[in-house]
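Asks: Got a structure for you, questions after.
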Amino acid sequence: MTTTPRWRALTRHHLFWPVAVLVILLLVNVPFTPDFFSVKMTDGHLYGSLVSIVLFGSPLILVAVGMTLVIATGGIDLSVGAVVAITGALTCSYISDQADQDALSGVLLAMAIGLAAAVLCGLWNGFLVARMGIQPIIATLIIMVAGRGVAQLITDGQIITVNSEPYKLIGGGYWLTLPFSIFVVAAVVAVTVALTRRTALGLLVESVGGNAEASRLVGIRSRRIKIMVYVFCALCAGIAGLMISSNTSAADGNNAGLWIELDAILAVVIGGTSLLGGRFSIGGTVVGALVIQTLTTTIYTIGVPTQTNLVFKAAVVIIVCLMQSPKFRAKVFGGGRFGGRRSAERGAAPADAATTPETVRTMEVS
Amino acid sequence: MTTTTHKPAAPDSRAPSRTARVLADRRLPVLVTAGLFLIMYAIGLSRYQNYGFAETQVFLNLFIDNSYLLVAAVGATFVILSGGIDLSVGSVIGFTTMFTAWLVEKQGLPLVLVIPMALAVGAFGGYLMGYVIQNFEIQPFIVTLAGLFLFRGLCLVISKESISITDSSVSSMAQAQVSVGGGFLSVGAIVSLVVLAAAFYVLHYTRFGRRVYAIGGNEQSALLMGLPQGGTKIAVYTMSGFCSALAGLLFTLYIQSGDPLHATGLELDAIAAVVIGGTLLTGGSGYVVGTLFGVLVLGLIKSLIQFEGTLSSWWTKIATGVLLCAFILIQRTMTSRRRT
């Protein structure tokens, strides 16, 4: 009632709720770990809970950013976890075969090979989705099932350990007092935001997600856009795979990146990107990934048994999804001034129009 | 094709239409899978004849070793036929093994009491997911994903370590054998076949089964025809939860322990079995018998790899992926033909 227009504008900003959740989660830690927000300088490196949240969250942020664009086109990519495993396996097995594991050229070549394999996976997914017209969940299920087998084939079922200083840098090293992976993530996010928001690319992606057939008719090469986002998503997953295997100095075909696709989808959803496509927010995804990582860290620090981690995650998924569901809002806040107005406003927005059965159907057909 | 190019003037215009008709036949994927199974079995026979592949028991073991997968896949068939997807299958199975082992071993409850409890929990979980999917219009994918997290988390809440079952009623039931023409089947295999038969009856001979097909075929039309679409959808997920819990019980019998990591990723095997069995992933078309063949094909891959000896287990995953891909492409060509 007495809220100022500025406050109302703030709460209506698409990043408001994700950021609010993140801040609340961070604050929950303070009573349990009083020095939660303190960042110490040791041996020229910055240490602290905040730094480690970003460090351990880096692979997830990368995968989630790639996933955002795929979801924005109305698709989904379940194969990212397997791509993480394949990239790590290829890179580590190439490095471990070399006489001098510290040779920079060899490490770079190994990384290039790993990323090339990731791009190949992306091309395959994109081909199935855009050219063959197979539902994204199913098309990417193929690599999700077979990919870990391929990764184990590459590593011969072993966990390959490497001992390479240059390779250690990307996932576990420090640069300018900060973990190096933060710079990698920042670079990828910056490039993605620049490409999607400074050029028309983001608009095209959203348009394809809104209605692929209509976009094609107005002259957008929707197939090419779709293939591109799957390749980009796989590339991001590949970089994440490098980071994970570099951080542990080992490639584990079976467990590297396990469940990361689900965490990534969760991050995208928390970030406010509609799973129906047609609208996305890279910033929201980054915040969403941080929320998930903070949740994990919080569970560790407040002394709740770590095994309840998954139960908490489930609760978060349900709550976020319910809050995004117009029907739920109408039911719960229905008569109230708060929910009624909000759902009415949101209902008028084009993004929510995508939830009507007709558009859902056209999406499934396309 | 060749006939038309050789004799273009011949009144053989029926030939292409016949191929078209064969390709548009809904039974084609099931027949392809059945044929594939027979070919694979024949290959196994010719390669490992001297290692006892021809024994009846090797064939019956396919049913024994995959009984839980069959039950889970039958549940998944209902969900997929209705146009949805259930990702929580593996977690519910894992949870059921844990729940059963915990109640039997740590709480000392008799198995007779534990079984209905486990089934009720699974069915209730499925009901809740169906309720949320139906009433709040959230995608099945994301709701069952939450279910996956929830049940896997609950496993770990019960215990982080695996609980082995030493209860005599469990082990006697697990070791019980029913002799079938030259070999034997386990209790689990019998139960799974009963479930399959029941599912066959429900899907093809009851009103409920027809509703499942109708909703999967075209939800809008089903709604306009006045079918109770909401109730059917919720029932389908309830059934899938129930089947997953039953599969979990069979898995407990098979492995005689509860472990928080049991059956991780089994939902993918179940979905793969359904797809390889020829059920259209968009819903509305498929047979539960196809699911049986899908499970048998997956099981046969495993046993062929065992007989080969030198091949490692990861080939199972790759082979499953390749088969999945092949069948998805077959489905795709079929649906595109039907549309044009």
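Here, A, B, ... name the chains of the structure tokens in the order displayed, residue numbers run from 1 inside each chain, and ligands are numbered from 1 in the same displayed order.
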So which residues of stretch 75-280 of chain B fall under alpha helix (DSSP H) by DSSP, listed as number ranges by chain?

Replies: B: 75-81, 89-101, 111-136, 140-158, 168-175, 187-205, 207-217, 219-224, 229-255, 266-276

Asks: Could you name the residues that touch B:Ile305 at 12 Å or less, counting only C-alpha atoms, but leaving out those on the same chain fewer than 4 positions away, as a VMD selection string?

Replies: chain B and resid 40 44 47 to 48 298 to 301 309 to 319

Asks: Which residues of chain B come within 8 Å of chain A, and what is each one's closest atom pair and distance in Å (one decimal), counting only C-alpha atoms, sorted by chain and residue number, as a tab-separated table?

Replies:
residue	atom	partner	partner_atom	distance
B:Asn135	CA	A:Lys327	CA	7.5
B:Phe136	CA	A:Lys327	CA	5.3
B:Glu137	CA	A:Ser325	CA	6.9
B:Ile138	CA	A:Ser325	CA	6.6
B:Ile142	CA	A:Val317	CA	7.9
B:Val143	CA	A:Ile318	CA	7.1
B:Leu145	CA	A:Leu262	CA	7.6
B:Ala146	CA	A:Ala314	CA	4.6
B:Gly147	CA	A:Ala314	CA	6.8
B:Leu148	CA	A:Ala314	CA	7.9
B:Phe149	CA	A:Ala314	CA	5.2
B:Leu150	CA	A:Val311	CA	4.7
B:Phe151	CA	A:Val311	CA	7.6
B:Arg152	CA	A:Leu310	CA	6.8
B:Gly153	CA	A:Leu310	CA	4.5
B:Leu154	CA	A:Val311	CA	6.6
B:Leu156	CA	A:Gln307	CA	5.3
B:Val157	CA	A:Thr308	CA	6.0
B:Lys160	CA	A:Gln307	CA	7.3
B:Leu268	CA	A:Val145	CA	7.3
B:Leu281	CA	A:Ile138	CA	7.9
B:Trp314	CA	A:Gly149	CA	4.5
B:Trp315	CA	A:Gly149	CA	6.3
B:Thr316	CA	A:Gly149	CA	7.5
B:Lys317	CA	A:Ala146	CA	5.0
B:Ile318	CA	A:Ala146	CA	4.3
B:Ala319	CA	A:Ala146	CA	7.4
B:Thr320	CA	A:Ala146	CA	6.8
B:Gly321	CA	A:Ala146	CA	4.5
B:Val322	CA	A:Ala146	CA	7.3
B:Leu324	CA	A:Ile142	CA	6.4
B:Cys325	CA	A:Ile142	CA	6.1
B:Ile328	CA	A:Ile134	CA	7.8
B:Arg332	CA	A:Ile134	CA	7.0

Asks: Write the residues you've just listed into a file as a tab-separated table (two decimals), in the first residue's frame, and include C-alpha atoms for each of them.

Replies:
chain	number	residue	atom	x	y	z
B	135	ASN	CA	-3.16	-28.85	-11.19
B	136	PHE	CA	-0.36	-26.35	-11.48
B	137	GLU	CA	0.53	-27.03	-15.12
B	138	ILE	CA	4.22	-27.50	-14.47
B	142	ILE	CA	10.71	-30.67	-13.95
B	143	VAL	CA	8.27	-32.06	-11.37
B	145	LEU	CA	13.12	-34.13	-11.54
B	146	ALA	CA	12.22	-32.73	-8.14
B	147	GLY	CA	10.90	-36.20	-7.28
B	148	LEU	CA	14.27	-37.63	-8.31
B	149	PHE	CA	16.11	-35.31	-5.95
B	150	LEU	CA	13.59	-35.84	-3.16
B	151	PHE	CA	13.62	-39.64	-3.12
B	152	ARG	CA	17.38	-39.88	-3.58
B	153	GLY	CA	17.75	-37.43	-0.73
B	154	LEU	CA	15.34	-39.43	1.46
B	156	LEU	CA	20.43	-40.75	2.22
B	157	VAL	CA	18.40	-39.42	5.12
B	160	LYS	CA	24.39	-43.14	4.23
B	268	LEU	CA	17.07	-43.81	-18.36
B	281	LEU	CA	7.86	-40.61	-27.08
B	314	TRP	CA	30.78	-49.61	-20.68
B	315	TRP	CA	29.96	-51.17	-24.03
B	316	THR	CA	26.50	-51.73	-22.56
B	317	LYS	CA	25.98	-48.00	-22.31
B	318	ILE	CA	27.30	-47.36	-25.79
B	319	ALA	CA	25.20	-50.14	-27.30
B	320	THR	CA	22.11	-48.85	-25.47
B	321	GLY	CA	22.79	-45.37	-26.81
B	322	VAL	CA	23.25	-46.60	-30.38
B	324	LEU	CA	18.18	-45.73	-28.69
B	325	CYS	CA	19.38	-43.53	-31.53
B	328	ILE	CA	14.35	-42.76	-32.39
B	332	ARG	CA	10.93	-40.14	-36.69

Asks: With only C-alpha atoms as the basis for distance, which of A:Ser274, A:Ile113, A:Ala250, A:Phe183 is at the shortest distance from B:Gln139?

Replies: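 Of A:Ser274, A:Ile113, A:Ala250, A:Phe183, the one nearest B:Gln139, counting only C-alpha atoms, is A:Ser274.
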
Asks: Compare B:Glu105, B:Asp86, B:Asp65, B:Asp269 by their minimum atom-to-atom distance to B:Val170, counting only C-alpha atoms, and give me the closest one.

Replies: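 Using only C-alpha atoms, B:Val170 sits closest to B:Glu105.
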
Asks: Within 10 Å of A:Gly81, counting only C-alpha atoms, which residues qualify if same-chain residues fewer than 2 places away don't, as a PyMOL selection string?

Replies: chain A and resi 63+77-79+83-86+143-144+147-148+234+237-238+240-241+255-262+264

Asks: Deliver the residues from the most recent selection as a file, using N, CA and C atoms, as a PDB file, in the first residue's frame.

Replies:
ATOM      1  N   VAL A  63      28.061 -24.441 -17.367  1.00  0.00           N
ATOM      2  CA  VAL A  63      27.089 -25.338 -17.979  1.00  0.00           C
ATOM      3  C   VAL A  63      25.716 -24.676 -18.025  1.00  0.00           C
ATOM      4  N   ASP A  77      19.049 -29.669 -22.892  1.00  0.00           N
ATOM      5  CA  ASP A  77      20.212 -30.496 -23.219  1.00  0.00           C
ATOM      6  C   ASP A  77      20.572 -31.368 -22.018  1.00  0.00           C
ATOM      7  N   LEU A  78      20.237 -32.649 -22.121  1.00  0.00           N
ATOM      8  CA  LEU A  78      20.521 -33.564 -21.015  1.00  0.00           C
ATOM      9  C   LEU A  78      21.928 -34.133 -21.100  1.00  0.00           C
ATOM     10  N   SER A  79      22.619 -33.869 -22.211  1.00  0.00           N
ATOM     11  CA  SER A  79      23.889 -34.566 -22.436  1.00  0.00           C
ATOM     12  C   SER A  79      25.079 -33.854 -21.810  1.00  0.00           C
ATOM     13  N   VAL A  83      29.061 -34.873 -21.662  1.00  0.00           N
ATOM     14  CA  VAL A  83      30.057 -34.086 -22.402  1.00  0.00           C
ATOM     15  C   VAL A  83      31.184 -33.668 -21.459  1.00  0.00           C
ATOM     16  N   VAL A  84      30.817 -33.285 -20.228  1.00  0.00           N
ATOM     17  CA  VAL A  84      31.839 -32.959 -19.218  1.00  0.00           C
ATOM     18  C   VAL A  84      32.793 -34.140 -19.053  1.00  0.00           C
ATOM     19  N   ALA A  85      32.215 -35.339 -18.939  1.00  0.00           N
ATOM     20  CA  ALA A  85      33.040 -36.529 -18.722  1.00  0.00           C
ATOM     21  C   ALA A  85      33.917 -36.822 -19.934  1.00  0.00           C
ATOM     22  N   ILE A  86      33.342 -36.703 -21.132  1.00  0.00           N
ATOM     23  CA  ILE A  86      34.107 -37.017 -22.354  1.00  0.00           C
ATOM     24  C   ILE A  86      35.284 -36.052 -22.502  1.00  0.00           C
ATOM     25  N   ILE A 143      23.189 -39.087 -26.117  1.00  0.00           N
ATOM     26  CA  ILE A 143      24.553 -38.871 -25.631  1.00  0.00           C
ATOM     27  C   ILE A 143      24.592 -39.016 -24.120  1.00  0.00           C
ATOM     28  N   MET A 144      23.487 -38.670 -23.454  1.00  0.00           N
ATOM     29  CA  MET A 144      23.471 -38.822 -22.000  1.00  0.00           C
ATOM     30  C   MET A 144      23.697 -40.285 -21.621  1.00  0.00           C
ATOM     31  N   GLY A 147      27.242 -41.399 -23.728  1.00  0.00           N
ATOM     32  CA  GLY A 147      28.436 -40.578 -23.521  1.00  0.00           C
ATOM     33  C   GLY A 147      29.337 -41.072 -22.408  1.00  0.00           C
ATOM     34  N   ARG A 148      28.731 -41.487 -21.295  1.00  0.00           N
ATOM     35  CA  ARG A 148      29.561 -41.972 -20.187  1.00  0.00           C
ATOM     36  C   ARG A 148      30.272 -43.263 -20.573  1.00  0.00           C
ATOM     37  N   ALA A 234      27.340 -27.298 -25.577  1.00  0.00           N
ATOM     38  CA  ALA A 234      28.320 -28.376 -25.425  1.00  0.00           C
ATOM     39  C   ALA A 234      29.708 -27.806 -25.185  1.00  0.00           C
ATOM     40  N   ALA A 237      29.938 -26.847 -21.680  1.00  0.00           N
ATOM     41  CA  ALA A 237      30.079 -28.059 -20.876  1.00  0.00           C
ATOM     42  C   ALA A 237      31.501 -28.585 -20.990  1.00  0.00           C
ATOM     43  N   GLY A 238      32.085 -28.464 -22.195  1.00  0.00           N
ATOM     44  CA  GLY A 238      33.457 -28.916 -22.384  1.00  0.00           C
ATOM     45  C   GLY A 238      34.422 -28.131 -21.517  1.00  0.00           C
ATOM     46  N   ALA A 240      33.697 -26.610 -18.801  1.00  0.00           N
ATOM     47  CA  ALA A 240      33.430 -27.052 -17.423  1.00  0.00           C
ATOM     48  C   ALA A 240      34.117 -28.385 -17.157  1.00  0.00           C
ATOM     49  N   GLY A 241      34.122 -29.249 -18.170  1.00  0.00           N
ATOM     50  CA  GLY A 241      34.775 -30.547 -18.036  1.00  0.00           C
ATOM     51  C   GLY A 241      36.269 -30.392 -17.814  1.00  0.00           C
ATOM     52  N   ASN A 255      31.930 -40.623 -13.027  1.00  0.00           N
ATOM     53  CA  ASN A 255      31.336 -39.702 -12.061  1.00  0.00           C
ATOM     54  C   ASN A 255      31.532 -38.228 -12.359  1.00  0.00           C
ATOM     55  N   ALA A 256      32.425 -37.894 -13.307  1.00  0.00           N
ATOM     56  CA  ALA A 256      32.649 -36.473 -13.592  1.00  0.00           C
ATOM     57  C   ALA A 256      31.369 -35.855 -14.132  1.00  0.00           C
ATOM     58  N   GLY A 257      30.961 -34.771 -13.488  1.00  0.00           N
ATOM     59  CA  GLY A 257      29.777 -34.062 -13.980  1.00  0.00           C
ATOM     60  C   GLY A 257      28.480 -34.814 -13.791  1.00  0.00           C
ATOM     61  N   LEU A 258      28.466 -35.773 -12.856  1.00  0.00           N
ATOM     62  CA  LEU A 258      27.230 -36.515 -12.614  1.00  0.00           C
ATOM     63  C   LEU A 258      26.154 -35.574 -12.074  1.00  0.00           C
ATOM     64  N   TRP A 259      24.975 -35.628 -12.655  1.00  0.00           N
ATOM     65  CA  TRP A 259      23.808 -34.804 -12.270  1.00  0.00           C
ATOM     66  C   TRP A 259      23.994 -33.328 -12.575  1.00  0.00           C
ATOM     67  N   ILE A 260      25.070 -32.937 -13.262  1.00  0.00           N
ATOM     68  CA  ILE A 260      25.263 -31.498 -13.465  1.00  0.00           C
ATOM     69  C   ILE A 260      24.179 -30.955 -14.380  1.00  0.00           C
ATOM     70  N   GLU A 261      23.641 -31.787 -15.292  1.00  0.00           N
ATOM     71  CA  GLU A 261      22.593 -31.291 -16.182  1.00  0.00           C
ATOM     72  C   GLU A 261      21.363 -30.887 -15.379  1.00  0.00           C
ATOM     73  N   LEU A 262      21.093 -31.664 -14.330  1.00  0.00           N
ATOM     74  CA  LEU A 262      19.903 -31.359 -13.540  1.00  0.00           C
ATOM     75  C   LEU A 262      20.126 -30.083 -12.735  1.00  0.00           C
ATOM     76  N   ALA A 264      22.090 -27.713 -13.580  1.00  0.00           N
ATOM     77  CA  ALA A 264      22.110 -26.597 -14.513  1.00  0.00           C
ATOM     78  C   ALA A 264      20.687 -26.171 -14.885  1.00  0.00           C
TER      79      ALA A 264
END

Asks: A:Arg221: which residues within 12 Å, counting only C-alpha atoms, same-chain residues fewer than 3 positions away excluded, as a PyMOL selection string?

Replies: chain A and resi 130-131+201+204-205+207-208+212-218+224-228

Asks: Go ahead and save the picked residues with C-alpha atoms, as a tab-separated table (two decimals), in the first residue's frame.

Replies:
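As a result, selection.tsv now contains:
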chain	number	residue	atom	x	y	z
A	130	ALA	CA	17.11	-29.07	-35.83
A	131	ARG	CA	17.50	-31.31	-38.88
A	201	LEU	CA	21.59	-12.90	-31.74
A	204	LEU	CA	16.85	-14.34	-32.76
A	205	VAL	CA	17.27	-17.04	-30.11
A	207	SER	CA	12.26	-15.57	-31.46
A	208	VAL	CA	13.10	-19.19	-32.35
A	212	ALA	CA	10.39	-21.69	-34.51
A	213	GLU	CA	8.12	-22.03	-37.53
A	214	ALA	CA	7.05	-18.38	-37.52
A	215	SER	CA	10.68	-17.31	-37.14
A	216	ARG	CA	11.62	-19.40	-40.14
A	217	LEU	CA	8.84	-17.83	-42.17
A	218	VAL	CA	10.01	-14.31	-41.41
A	224	ARG	CA	21.00	-22.83	-37.84
A	225	ILE	CA	20.28	-20.91	-34.63
A	226	LYS	CA	19.22	-24.13	-32.93
A	227	ILE	CA	22.35	-26.02	-34.00
A	228	MET	CA	24.41	-23.06	-32.83

Asks: Skip B:Gly294 itself and residues of its chain fewer than 5 positions away, then list as a list in words all residues within 7 Å of it, counting only C-alpha atoms.

Replies: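 Everything that qualifies: Thr33, Ala273, Val274, Ile276 and Gly277 of chain B.
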
Asks: What's the 12 Å shell around B:Ala120, counting only C-alpha atoms, without same-chain residues fewer than 3 positions away, as a ChimeraX atom specification?

Replies: /B:92,96,99,113-117,123-127,238-239,241-246

Asks: Among stretch 98-177 of chain A, which ones does DSSP place in strand (DSSP E or B), written as number ranges by chain?

Replies: A: 159-161, 174-175

Asks: Would you export the selected residues with N, CA and C atoms as a PDB file, in the first residue's frame, please?

Replies:
ATOM      1  N   ILE A 159      40.446 -44.346 -13.623  1.00  0.00           N
ATOM      2  CA  ILE A 159      40.482 -42.913 -13.358  1.00  0.00           C
ATOM      3  C   ILE A 159      41.883 -42.453 -13.726  1.00  0.00           C
ATOM      4  N   ILE A 160      41.971 -41.646 -14.770  1.00  0.00           N
ATOM      5  CA  ILE A 160      43.291 -41.218 -15.247  1.00  0.00           C
ATOM      6  C   ILE A 160      43.730 -40.001 -14.441  1.00  0.00           C
ATOM      7  N   THR A 161      44.897 -40.087 -13.823  1.00  0.00           N
ATOM      8  CA  THR A 161      45.394 -38.921 -13.100  1.00  0.00           C
ATOM      9  C   THR A 161      46.483 -38.259 -13.931  1.00  0.00           C
ATOM     10  N   TYR A 174      45.537 -20.124  -9.334  1.00  0.00           N
ATOM     11  CA  TYR A 174      45.186 -18.754  -8.942  1.00  0.00           C
ATOM     12  C   TYR A 174      45.858 -17.771  -9.876  1.00  0.00           C
ATOM     13  N   TRP A 175      45.225 -16.652 -10.087  1.00  0.00           N
ATOM     14  CA  TRP A 175      45.766 -15.618 -10.946  1.00  0.00           C
ATOM     15  C   TRP A 175      45.304 -14.282 -10.374  1.00  0.00           C
TER      16      TRP A 175
END

Asks: Which distance in Å separates atom CA of A:Val191 and atom CA of A:Asn211, to one decimal?

Replies: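 Those two atoms sit 25.7 Å apart.
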
Asks: Between atom CA of B:Leu128 and atom CA of A:Thr297, what is the distance in Å, rounded to a tenth?

Replies: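 Rounded to one decimal, the two atoms are 29.1 Å apart.
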
Asks: Would you list the contacts of A:Ala289 as a VMD selection string, taking every protein, DNA or RNA residue within 6 Å and counting only C-alpha atoms, but skipping same-chain residues closer than 2 positions in sequence?

Replies: chain A and resid 61 267 286 to 287 291 to 292

Asks: Please report the interatomic distance between atom CA of A:Asn29 and atom CA of A:Val54 in Å with one decimal.

Replies: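 Atom-to-atom, atom CA of A:Asn29 to atom CA of A:Val54, that is 15.7 Å.
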
Asks: Rank nothing, just name the residue among B:Phe63, B:Phe200, B:Tyr213, B:Tyr41 nearest to B:Val236, using only C-alpha atoms.

Replies: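 Between B:Phe63, B:Phe200, B:Tyr213, B:Tyr41, the residue approaching B:Val236 most closely is B:Tyr213.
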